[in-house]
>>> print(open('work-v6.txt').read())   # compact mmCIF, C-alpha atoms
# COMPACT_ATOMS: atom_id res chain seq x y z
CA MET T 1 218.97 -239.32 46.90
CA SER T 2 219.60 -237.94 50.36
CA VAL T 3 216.69 -235.85 51.44
CA VAL T 4 218.41 -233.91 54.22
CA PRO T 5 220.18 -231.29 52.07
CA LEU T 6 217.00 -230.79 50.06
CA GLN T 7 214.83 -230.36 53.15
CA VAL T 8 217.32 -228.02 54.79
CA PHE T 9 217.44 -225.95 51.59
CA VAL T 10 213.68 -225.83 51.23
CA SER T 11 213.22 -224.99 54.91
CA LEU T 12 215.74 -222.16 54.71
CA LEU T 13 214.01 -220.93 51.57
CA LEU T 14 210.68 -220.79 53.40
CA VAL T 15 212.28 -219.06 56.39
CA ALA T 16 213.90 -216.50 54.09
CA SER T 17 210.58 -215.92 52.29
CA SER T 18 208.75 -215.38 55.57
CA LEU T 19 211.45 -212.95 56.75
CA VAL T 20 211.14 -210.96 53.53
CA LEU T 21 207.35 -210.84 53.90
CA PHE T 22 207.62 -209.91 57.56
CA LEU T 23 210.00 -207.03 56.75
CA PHE T 24 207.62 -205.99 53.98
CA THR T 25 204.69 -205.74 56.39
CA VAL T 26 206.83 -203.87 58.95
CA ARG T 27 208.00 -201.38 56.32
CA GLN T 28 204.41 -200.91 55.16
CA ARG T 29 203.45 -200.10 58.78
CA ASP T 30 200.43 -202.38 58.48
CA LEU T 31 199.98 -202.58 62.24
CA ASP T 32 199.73 -198.79 62.47
CA HIS T 33 196.51 -199.18 60.50
CA ALA T 34 195.14 -202.10 62.51
CA ASP T 35 191.97 -200.32 63.57
CA ARG T 36 191.03 -199.39 60.00
CA LEU T 37 192.11 -202.77 58.58
CA SER T 38 189.94 -204.62 61.09
CA LEU T 39 186.90 -202.95 59.50
CA ALA T 40 187.81 -204.06 55.97
CA PRO T 41 185.50 -207.12 55.83
CA LEU T 42 182.56 -204.99 56.95
CA GLU T 43 182.68 -202.75 53.90
CA ASP T 44 179.82 -203.86 51.69
CA ASP T 45 180.12 -203.79 47.96
CA VAL T 46 177.14 -202.42 46.06
CA ALA T 47 175.38 -205.13 44.15
CA PRO T 48 173.96 -204.08 40.79
CA LYS T 49 170.18 -204.10 40.72
CA PRO T 50 168.83 -205.96 37.69
CA GLY T 51 166.57 -203.78 35.60
CA ALA T 52 167.45 -200.57 37.40
CA ALA T 53 167.06 -197.66 35.02
CA GLU T 54 169.54 -195.20 36.46
CA PRO T 55 173.07 -195.95 37.54
CA SER T 56 174.15 -194.88 40.99
CA PRO T 57 175.00 -191.15 41.12
CA CYS T 58 178.59 -191.92 41.96
CA SER T 59 179.13 -194.54 39.31
CA GLY T 60 179.99 -192.29 36.39
CA SER T 61 178.82 -192.95 32.86
CA GLN T 62 180.25 -196.41 32.33
CA PRO T 63 177.85 -199.19 31.28
CA ARG T 64 176.29 -201.31 33.99
CA PRO T 65 178.14 -204.63 34.40
CA GLN T 66 176.44 -207.84 33.33
CA SER T 67 177.64 -209.93 36.23
CA GLY T 68 179.42 -209.57 39.53
CA SER T 69 179.17 -207.05 42.31
CA GLU T 70 180.70 -203.65 42.15
CA ASP T 71 182.36 -201.20 44.44
CA HIS T 72 183.15 -197.53 44.22
CA LEU T 73 186.50 -196.11 45.12
CA PRO T 74 187.22 -192.39 45.49
CA ARG T 75 189.67 -191.32 42.81
CA SER T 76 191.83 -188.29 43.15
CA PRO T 77 191.65 -185.83 40.22
CA GLN T 78 194.33 -186.36 37.58
CA MET G 1 185.16 -185.96 43.65
CA GLN G 2 185.44 -188.62 40.96
CA THR G 3 184.83 -192.22 41.77
CA GLN G 4 186.25 -195.34 40.21
CA ARG G 5 183.86 -198.21 39.64
CA ILE G 6 185.24 -201.67 40.35
CA THR G 7 183.37 -204.67 38.97
CA TYR G 8 184.33 -207.81 40.80
CA ASP G 9 184.60 -211.11 38.97
CA ASP G 10 181.98 -213.21 40.70
CA THR G 11 181.53 -215.58 37.76
CA VAL G 12 184.62 -217.58 38.68
CA VAL G 13 183.47 -217.60 42.32
CA ARG G 14 180.10 -219.05 41.34
CA ARG G 15 181.77 -221.69 39.16
CA PHE G 16 184.05 -222.82 41.97
CA ILE G 17 181.11 -223.00 44.40
CA ILE G 18 179.01 -225.10 42.01
CA ALA G 19 181.97 -227.42 41.35
CA SER G 20 182.59 -227.70 45.09
CA VAL G 21 179.01 -228.76 45.79
CA LEU G 22 178.94 -231.26 42.92
CA PHE G 23 182.28 -232.87 43.74
CA GLY G 24 181.41 -232.75 47.45
CA LEU G 25 178.34 -234.88 46.80
CA VAL G 26 180.32 -237.32 44.66
CA GLY G 27 183.27 -237.50 47.08
CA MET G 28 181.07 -238.11 50.10
CA ALA G 29 178.99 -240.72 48.28
CA VAL G 30 182.22 -242.58 47.43
CA GLY G 31 183.18 -242.24 51.11
CA VAL G 32 179.93 -243.88 52.15
CA LEU G 33 180.64 -246.75 49.76
CA ALA G 34 184.17 -247.14 51.15
CA ALA G 35 182.86 -247.08 54.72
CA THR G 36 180.25 -249.68 53.83
CA GLN G 37 182.99 -251.95 52.50
CA LEU G 38 184.79 -251.76 55.84
CA ALA G 39 181.82 -253.55 57.41
CA TRP G 40 180.64 -255.50 54.38
CA TRP G 41 183.34 -256.09 51.79
CA GLN G 42 180.85 -257.48 49.28
CA ALA G 43 179.85 -253.86 48.65
CA ASN G 44 182.60 -253.78 46.02
CA PHE G 45 180.19 -255.93 43.92
CA GLY G 46 183.14 -257.90 42.61
CA VAL G 47 184.19 -254.99 40.39
CA ARG G 48 187.91 -254.24 40.63
CA PHE G 49 187.38 -250.54 40.00
CA LEU G 50 185.24 -250.38 43.15
CA THR G 51 187.58 -252.18 45.54
CA PHE G 52 188.43 -250.37 48.78
CA SER G 53 192.07 -249.84 47.82
CA ARG G 54 190.98 -247.84 44.77
CA ILE G 55 187.98 -245.91 45.98
CA ARG G 56 189.45 -244.86 49.33
CA PRO G 57 192.05 -242.58 47.66
CA LEU G 58 189.34 -241.46 45.24
CA HIS G 59 187.22 -240.41 48.23
CA THR G 60 190.05 -238.56 50.02
CA ASN G 61 191.25 -236.80 46.85
CA ALA G 62 187.71 -235.80 45.89
CA VAL G 63 186.87 -234.40 49.29
CA ILE G 64 190.22 -232.65 49.90
CA PHE G 65 191.11 -231.30 46.48
CA ALA G 66 187.72 -231.12 44.75
CA PHE G 67 185.28 -230.28 47.55
CA VAL G 68 187.47 -228.22 49.90
CA GLY G 69 189.82 -227.08 47.13
CA ASN G 70 187.07 -225.58 44.97
CA MET G 71 185.40 -224.03 48.01
CA MET G 72 188.73 -222.56 49.10
CA PHE G 73 189.39 -221.04 45.68
CA ALA G 74 185.87 -219.55 45.67
CA GLY G 75 186.48 -217.98 49.09
CA ILE G 76 189.86 -216.60 48.07
CA TYR G 77 188.61 -215.14 44.78
CA TYR G 78 185.57 -213.59 46.49
CA SER G 79 187.30 -212.06 49.48
CA MET G 80 190.62 -210.97 48.00
CA GLN G 81 188.94 -208.82 45.34
CA ARG G 82 186.97 -207.01 48.02
CA LEU G 83 189.84 -206.71 50.49
CA LEU G 84 192.20 -205.38 47.81
CA LYS G 85 189.48 -203.31 46.17
CA THR G 86 190.32 -204.51 42.71
CA ARG G 87 189.09 -207.07 40.19
CA MET G 88 191.20 -210.18 39.65
CA ALA G 89 194.13 -209.27 37.44
CA SER G 90 193.22 -211.62 34.61
CA ASP G 91 189.88 -213.24 33.80
CA VAL G 92 191.73 -215.53 31.39
CA LEU G 93 194.02 -216.85 34.13
CA SER G 94 191.01 -217.26 36.45
CA GLY G 95 189.30 -219.32 33.73
CA ILE G 96 192.41 -221.42 33.06
CA HIS G 97 192.71 -222.01 36.80
CA PHE G 98 189.07 -223.11 37.11
CA TRP G 99 188.89 -225.40 34.10
CA GLY G 100 192.42 -226.74 34.63
CA TRP G 101 191.60 -227.68 38.21
CA GLN G 102 188.41 -229.45 37.14
CA LEU G 103 190.31 -231.39 34.45
CA ILE G 104 192.82 -232.49 37.09
CA ILE G 105 189.96 -233.71 39.28
CA VAL G 106 188.44 -235.64 36.38
CA ALA G 107 191.86 -237.15 35.60
CA ALA G 108 192.12 -238.25 39.23
CA ALA G 109 188.60 -239.68 39.16
CA VAL G 110 189.55 -241.78 36.12
CA SER G 111 193.10 -242.83 37.05
CA LEU G 112 192.56 -243.82 40.70
CA PRO G 113 189.83 -246.44 40.05
CA LEU G 114 192.08 -247.79 37.27
CA GLY G 115 194.68 -248.47 39.93
CA LEU G 116 197.17 -245.89 38.65
CA THR G 117 198.78 -244.62 41.84
CA THR G 118 202.10 -243.62 43.35
CA SER G 119 200.82 -245.11 46.64
CA LYS G 120 201.77 -241.91 48.53
CA GLU G 121 198.78 -240.92 50.63
CA TYR G 122 197.09 -237.68 49.49
CA ALA G 123 199.68 -237.59 46.66
CA GLU G 124 198.57 -240.68 44.77
CA LEU G 125 198.28 -239.08 41.36
CA GLU G 126 200.81 -240.09 38.73
CA TRP G 127 203.44 -237.76 37.32
CA PRO G 128 201.57 -236.28 34.30
CA ILE G 129 198.78 -235.14 36.62
CA ASP G 130 201.35 -233.89 39.16
CA ILE G 131 202.90 -231.72 36.46
CA ALA G 132 199.45 -230.40 35.54
CA ILE G 133 198.79 -229.55 39.20
CA ALA G 134 202.07 -227.63 39.40
CA LEU G 135 201.30 -225.68 36.20
CA ILE G 136 197.75 -224.79 37.26
CA TRP G 137 199.00 -223.75 40.69
CA VAL G 138 201.53 -221.45 39.02
CA VAL G 139 198.72 -219.93 36.94
CA PHE G 140 196.78 -219.32 40.17
CA ALA G 141 199.88 -217.84 41.83
CA ILE G 142 200.53 -215.45 38.92
CA ASN G 143 196.93 -214.24 38.96
CA PHE G 144 197.02 -213.96 42.77
CA PHE G 145 200.24 -211.95 43.08
CA TRP G 146 199.39 -209.85 40.01
CA THR G 147 196.11 -208.90 41.71
CA ILE G 148 198.01 -207.96 44.87
CA ALA G 149 200.39 -205.86 42.77
CA LYS G 150 197.53 -203.86 41.20
CA ARG G 151 195.53 -203.45 44.40
CA ASN G 152 193.83 -200.23 45.40
CA GLU G 153 194.29 -200.82 49.12
CA LYS G 154 197.83 -200.30 50.30
CA HIS G 155 197.66 -202.31 53.51
CA LEU G 156 196.98 -206.04 53.42
CA TYR G 157 194.24 -207.44 55.67
CA VAL G 158 195.31 -210.51 57.65
CA ALA G 159 193.27 -212.88 55.45
CA ILE G 160 195.50 -211.98 52.48
CA TRP G 161 198.55 -213.03 54.50
CA PHE G 162 196.99 -216.44 55.14
CA TYR G 163 196.35 -216.76 51.39
CA ILE G 164 199.93 -215.75 50.54
CA SER G 165 201.33 -218.45 52.82
CA THR G 166 199.01 -221.01 51.20
CA VAL G 167 200.07 -220.15 47.65
CA ILE G 168 203.79 -220.31 48.44
CA THR G 169 203.84 -223.31 50.76
CA VAL G 170 201.55 -225.62 48.81
CA ALA G 171 203.67 -225.06 45.68
CA VAL G 172 206.85 -226.02 47.55
CA LEU G 173 205.22 -229.04 49.23
CA HIS G 174 203.73 -230.42 46.04
CA ILE G 175 206.83 -230.01 43.89
CA VAL G 176 209.30 -231.45 46.43
CA ASN G 177 207.12 -234.42 47.36
CA SER G 178 206.19 -235.26 43.78
CA LEU G 179 209.74 -235.49 42.41
CA ALA G 180 209.77 -238.85 40.65
CA LEU G 181 211.44 -240.89 37.94
CA PRO G 182 208.85 -241.81 35.27
CA LEU G 183 208.99 -245.41 34.11
CA SER G 184 206.15 -244.98 31.64
CA PHE G 185 203.28 -242.56 31.07
CA THR G 186 201.29 -244.18 33.87
CA LYS G 187 204.00 -245.31 36.29
CA SER G 188 206.76 -243.54 38.19
CA TYR G 189 208.86 -244.07 41.28
CA SER G 190 209.74 -241.49 43.90
CA ILE G 191 213.31 -240.23 43.72
CA TYR G 192 213.55 -240.82 47.47
CA ALA G 193 213.92 -244.25 49.00
CA GLY G 194 212.77 -245.94 52.19
CA VAL G 195 212.75 -243.81 55.31
CA GLN G 196 213.67 -240.70 53.34
CA ASP G 197 210.60 -241.16 51.18
CA ALA G 198 208.49 -241.57 54.33
CA LEU G 199 209.98 -238.41 55.82
CA VAL G 200 209.30 -236.30 52.72
CA GLN G 201 205.84 -237.84 52.27
CA TRP G 202 204.72 -236.91 55.77
CA TRP G 203 206.39 -233.55 55.69
CA TYR G 204 204.07 -233.07 52.71
CA GLY G 205 201.09 -234.83 54.30
CA HIS G 206 201.26 -232.86 57.52
CA ASN G 207 201.72 -229.51 55.84
CA ALA G 208 199.17 -230.23 53.12
CA VAL G 209 196.61 -230.51 55.91
CA ALA G 210 198.01 -227.35 57.47
CA PHE G 211 198.45 -225.18 54.39
CA PHE G 212 195.82 -226.52 51.99
CA LEU G 213 193.01 -227.49 54.35
CA THR G 214 193.53 -225.07 57.22
CA THR G 215 195.45 -221.88 56.40
CA PRO G 216 193.23 -220.63 53.57
CA ILE G 217 190.14 -221.53 55.59
CA LEU G 218 191.45 -219.40 58.46
CA GLY G 219 191.84 -216.52 56.02
CA ILE G 220 188.32 -217.05 54.75
CA MET G 221 187.12 -217.15 58.36
CA TYR G 222 188.81 -213.82 59.10
CA TYR G 223 186.83 -212.33 56.21
CA PHE G 224 183.41 -213.94 56.66
CA LEU G 225 183.16 -214.17 60.45
CA PRO G 226 183.29 -210.38 61.02
CA LYS G 227 180.92 -209.98 58.09
CA ALA G 228 178.42 -212.42 59.57
CA ALA G 229 178.78 -211.00 63.07
CA GLU G 230 178.64 -207.43 61.71
CA ARG G 231 181.55 -206.42 63.90
CA PRO G 232 185.33 -206.58 63.51
CA VAL G 233 187.48 -209.29 65.08
CA TYR G 234 187.97 -208.74 68.81
CA SER G 235 191.66 -207.91 68.36
CA TYR G 236 193.14 -207.37 64.92
CA ARG G 237 196.64 -207.34 66.39
CA LEU G 238 196.00 -210.78 67.88
CA SER G 239 194.96 -212.04 64.45
CA VAL G 240 198.32 -210.88 63.06
CA VAL G 241 200.11 -212.69 65.92
CA HIS G 242 197.95 -215.71 65.06
CA PHE G 243 199.19 -215.66 61.46
CA TRP G 244 202.91 -215.47 62.25
CA ALA G 245 202.63 -217.97 65.11
CA TRP G 246 200.73 -220.35 62.85
CA CYS G 247 203.32 -220.13 60.09
CA SER G 248 206.30 -220.55 62.39
CA SER G 249 204.91 -223.40 64.48
CA THR G 250 203.07 -225.47 61.90
CA SER G 251 205.50 -225.88 59.03
CA GLY G 252 207.78 -228.41 60.70
CA PRO G 253 208.75 -231.68 59.05
CA GLY G 254 205.47 -233.38 59.88
CA ARG G 255 206.55 -234.45 63.31
CA THR G 256 203.19 -235.69 64.54
CA ILE G 257 202.43 -237.79 61.51
CA CYS G 258 206.00 -239.12 61.28
CA SER G 259 205.05 -241.42 64.14
CA THR G 260 203.05 -243.61 61.75
CA PRO G 261 205.53 -244.60 59.00
CA PRO G 262 208.74 -246.48 59.78
CA CYS G 263 210.56 -243.26 60.53
CA PRO G 264 213.10 -243.32 63.37
CA ILE G 265 212.76 -239.65 64.22
CA GLY G 266 209.06 -240.00 64.84
CA ARG G 267 207.39 -240.96 68.04
CA SER G 268 210.31 -241.15 70.41
CA ARG G 269 211.82 -237.72 69.91
CA TRP G 270 209.40 -235.21 68.50
CA ALA G 271 205.90 -236.54 68.30
CA TRP G 272 204.74 -235.61 71.76
CA CYS G 273 205.98 -232.05 71.71
CA SER G 274 204.86 -231.16 68.21
CA PRO G 275 201.90 -229.02 67.19
>>> encode(input="work-v6.txt", output="structure tokens")
Amino acid sequence: MSVVPLQVFVSLLLVASSLVLFLFTVRQRDLDHADRLSLAPLEDDVAPKPGAAEPSPCSGSQPRPQSGSEDHLPRSPQ
Amino acid sequence: MQTQRITYDDTVVRRFIIASVLFGLVGMAVGVLAATQLAWWQANFGVRFLTFSRIRPLHTNAVIFAFVGNMMFAGIYYSMQRLLKTRMASDVLSGIHFWGWQLIIVAAAVSLPLGLTTSKEYAELEWPIDIAIALIWVVFAINFFWTIAKRNEKHLYVAIWFYISTVITVAVLHIVNSLALPLSFTKSYSIYAGVQDALVQWWYGHNAVAFFLTTPILGIMYYFLPKAAERPVYSYRLSVVHFWAWCSSTSGPGRTICSTPPCPIGRSRWAWCSP
């Protein structure tokens, strides 16, 4: 089997995929939000405290999770 | 104002970390044995399962796909949930991904010492395991893109872009390079022949290093380095340039490594000007 047509096809497929993704990020205006995005890793999630009696005031009335960290996201009223 | 509580799935992260440490210890111990045999061949103890030709691929596969692979999945699962502000889309798919990947590693750890190999470096596993890798990778991809689709953060941090390129490229590399004609359940031959096989193999080999061992780690670095330093990256725009430059300059046909097999387009034309 000749590999050249296959490699050309696969390469063009990858180029096309990257173009689609690049256009997606341009249309989303991701770079307009660069300053805010750069802070994203610094946002700490709130780890649940084992044995804590009261849930956090902003956590609503849902049961405390058994495992994993949690985060709180502002939700607009329905 | 109402708030929405998000509980991240850290169970799968912990599992991948534990597996990474365990397989890292095993893989490096096998590496020490292989290195010992380079100086003192009697270290194979006369056991054919322990000969250099069998444990060297076991060492490389264990360290690349079990040690780094599990660590990489842990980093992706941990950071993407926090960057997208959502839990992984499916705990079931996360579980299938974890246990499926570990089964693949065990299958490799059994088949390579038995001498079952395609003899393609870093792609030694025989066709049933190759199919399993493709299926498990698809499970991971579905969970990954589903999580992106249900995210609570509209804009994607640069680390997510590195992860996206990993998920897409590794799937293409693995499937194209592993195309083979099965002779039996434990033996197959590549559908490519001679130089063409060498070209595809090192297109895979080069980009496997780039997109399995490096790209996701860069994404993880872009998440954890600012966190550790408690300050954002110096220039976020430069990190975006880094991503697109990396993708466009790295994914060539393995030019550098093509200089080692009997491939006529290797050293003389491209090798010295390649990334």
>>> closest_residue(input="work-v6.txt", among="T:Ser18, T:Ser2, T:Ser69, T:Ser11", to="G:Trp244", atoms="all atoms listed in the file")
T:Ser18
>>> atom_distance(input="work-v6.txt", atom1="atom CA of G:Thr117", atom2="atom CA of G:Leu179")
14.3 Å
>>> residues_around(input="work-v6.txt", residues="T:Leu14", least_positions_apart="3", cutoff="9 Å", atoms="only C-alpha atoms", output="list in words")
Phe9, Val10, Ser11, Ser17, Ser18 and Leu19 of chain T; Ile168, Thr169 and Val172 of chain G
>>> interface_residues(input="work-v6.txt", of="chain G", to="chain T", cutoff="9 Å", atoms="only C-alpha atoms", output="NGL selection string")
:G and (1-11 or 79 or 82-83 or 85-86 or 152 or 154-158 or 165 or 168-169 or 172 or 176 or 191-193 or 196-197 or 199-200 or 222-228 or 230-237 or 240 or 244 or 247-248 or 251-253)
>>> atom_distance(input="work-v6.txt", atom1="atom CA of G:Phe140", atom2="atom CA of G:Ala180")
23.5 Å
>>> residues_around(input="work-v6.txt", residues="stretch 89-97 of chain G", least_positions_apart="4", cutoff="9 Å", atoms="only C-alpha atoms", output="list in words")
Asp9, Val12, Tyr77, Trp101, Gln102, Ile136, Trp137, Val139, Phe140, Ile142, Asn143, Phe144, Phe145, Trp146, Thr147, Ile148, Ala149 and Lys150 of chain G
>>> residues_around(input="work-v6.txt", residues="stretch 209-216 of chain G", least_positions_apart="5", cutoff="10 Å", atoms="only C-alpha atoms", output="ChimeraX atom specification")
/G:64-65,68-69,72-73,75-76,122,159-170,173,204,221-222,243,246-247,250-251,254
>>> atom_distance(input="work-v6.txt", atom1="atom CA of G:Gly31", atom2="atom CA of G:Phe49")
14.5 Å
>>> closest_residue(input="work-v6.txt", among="G:Ala132, G:Val32, G:Val21, G:Ala229", to="G:Phe52", atoms="only C-alpha atoms")
G:Val32
>>> residues_around(input="work-v6.txt", residues="G:Ala108", least_positions_apart="6", cutoff="9 Å", atoms="only C-alpha atoms", output="PyMOL selection string")
chain G and resi 58+61-62+124-126+129
>>> closest_residue(input="work-v6.txt", among="G:Ala19, G:Ala208, G:Leu33, G:Ala74", to="G:Trp99", atoms="only C-alpha atoms")
G:Ala19
>>> decode(input="work-v6.txt", residues="stretch 19-74 of chain G", atoms="C-alpha atoms", output="PDB file, in the first residue's frame")
ATOM      1  CA  ALA G  19      -1.633   3.936  39.028  1.00  0.00           C
ATOM      2  CA  SER G  20       1.022   6.311  37.700  1.00  0.00           C
ATOM      3  CA  VAL G  21       3.180   5.928  40.804  1.00  0.00           C
ATOM      4  CA  LEU G  22       2.812   2.135  40.876  1.00  0.00           C
ATOM      5  CA  PHE G  23       3.540   1.609  37.186  1.00  0.00           C
ATOM      6  CA  GLY G  24       6.317   4.217  37.373  1.00  0.00           C
ATOM      7  CA  LEU G  25       8.081   2.143  40.013  1.00  0.00           C
ATOM      8  CA  VAL G  26       7.630  -1.051  37.998  1.00  0.00           C
ATOM      9  CA  GLY G  27       8.652   0.552  34.684  1.00  0.00           C
ATOM     10  CA  MET G  28      11.783   2.126  36.122  1.00  0.00           C
ATOM     11  CA  ALA G  29      12.768  -1.075  37.925  1.00  0.00           C
ATOM     12  CA  VAL G  30      12.507  -2.932  34.599  1.00  0.00           C
ATOM     13  CA  GLY G  31      14.624  -0.148  33.074  1.00  0.00           C
ATOM     14  CA  VAL G  32      17.313  -0.705  35.673  1.00  0.00           C
ATOM     15  CA  LEU G  33      17.316  -4.412  34.843  1.00  0.00           C
ATOM     16  CA  ALA G  34      17.586  -3.658  31.110  1.00  0.00           C
ATOM     17  CA  ALA G  35      20.428  -1.203  31.734  1.00  0.00           C
ATOM     18  CA  THR G  36      22.207  -3.770  33.882  1.00  0.00           C
ATOM     19  CA  GLN G  37      22.007  -6.262  31.023  1.00  0.00           C
ATOM     20  CA  LEU G  38      23.755  -3.794  28.719  1.00  0.00           C
ATOM     21  CA  ALA G  39      26.838  -4.098  30.925  1.00  0.00           C
ATOM     22  CA  TRP G  40      26.294  -7.622  32.212  1.00  0.00           C
ATOM     23  CA  TRP G  41      24.123  -9.758  29.967  1.00  0.00           C
ATOM     24  CA  GLN G  42      23.935 -12.552  32.541  1.00  0.00           C
ATOM     25  CA  ALA G  43      21.393 -10.371  34.348  1.00  0.00           C
ATOM     26  CA  ASN G  44      18.740 -12.048  32.198  1.00  0.00           C
ATOM     27  CA  PHE G  45      19.316 -15.111  34.459  1.00  0.00           C
ATOM     28  CA  GLY G  46      18.886 -17.369  31.456  1.00  0.00           C
ATOM     29  CA  VAL G  47      15.128 -16.741  31.441  1.00  0.00           C
ATOM     30  CA  ARG G  48      13.800 -15.938  27.979  1.00  0.00           C
ATOM     31  CA  PHE G  49      11.069 -13.692  29.355  1.00  0.00           C
ATOM     32  CA  LEU G  50      13.771 -11.473  30.873  1.00  0.00           C
ATOM     33  CA  THR G  51      16.002 -11.083  27.822  1.00  0.00           C
ATOM     34  CA  PHE G  52      16.868  -7.524  26.788  1.00  0.00           C
ATOM     35  CA  SER G  53      14.856  -7.701  23.566  1.00  0.00           C
ATOM     36  CA  ARG G  54      11.696  -8.364  25.578  1.00  0.00           C
ATOM     37  CA  ILE G  55      12.103  -6.206  28.640  1.00  0.00           C
ATOM     38  CA  ARG G  56      13.378  -3.112  26.833  1.00  0.00           C
ATOM     39  CA  PRO G  57       9.998  -2.531  25.099  1.00  0.00           C
ATOM     40  CA  LEU G  58       8.295  -3.434  28.370  1.00  0.00           C
ATOM     41  CA  HIS G  59      10.291  -0.681  30.078  1.00  0.00           C
ATOM     42  CA  THR G  60       9.577   1.967  27.411  1.00  0.00           C
ATOM     43  CA  ASN G  61       5.867   1.105  27.195  1.00  0.00           C
ATOM     44  CA  ALA G  62       5.493   1.085  30.973  1.00  0.00           C
ATOM     45  CA  VAL G  63       7.201   4.414  31.454  1.00  0.00           C
ATOM     46  CA  ILE G  64       5.580   6.187  28.479  1.00  0.00           C
ATOM     47  CA  PHE G  65       2.039   4.855  28.519  1.00  0.00           C
ATOM     48  CA  ALA G  66       1.627   3.712  32.130  1.00  0.00           C
ATOM     49  CA  PHE G  67       3.712   6.185  34.138  1.00  0.00           C
ATOM     50  CA  VAL G  68       3.432   9.347  32.026  1.00  0.00           C
ATOM     51  CA  GLY G  69       0.089   8.338  30.498  1.00  0.00           C
ATOM     52  CA  ASN G  70      -1.667   7.879  33.841  1.00  0.00           C
ATOM     53  CA  MET G  71      -0.081  11.052  35.209  1.00  0.00           C
ATOM     54  CA  MET G  72      -1.181  12.958  32.115  1.00  0.00           C
ATOM     55  CA  PHE G  73      -4.773  11.733  32.415  1.00  0.00           C
ATOM     56  CA  ALA G  74      -4.793  12.725  36.102  1.00  0.00           C
TER      57      ALA G  74
END
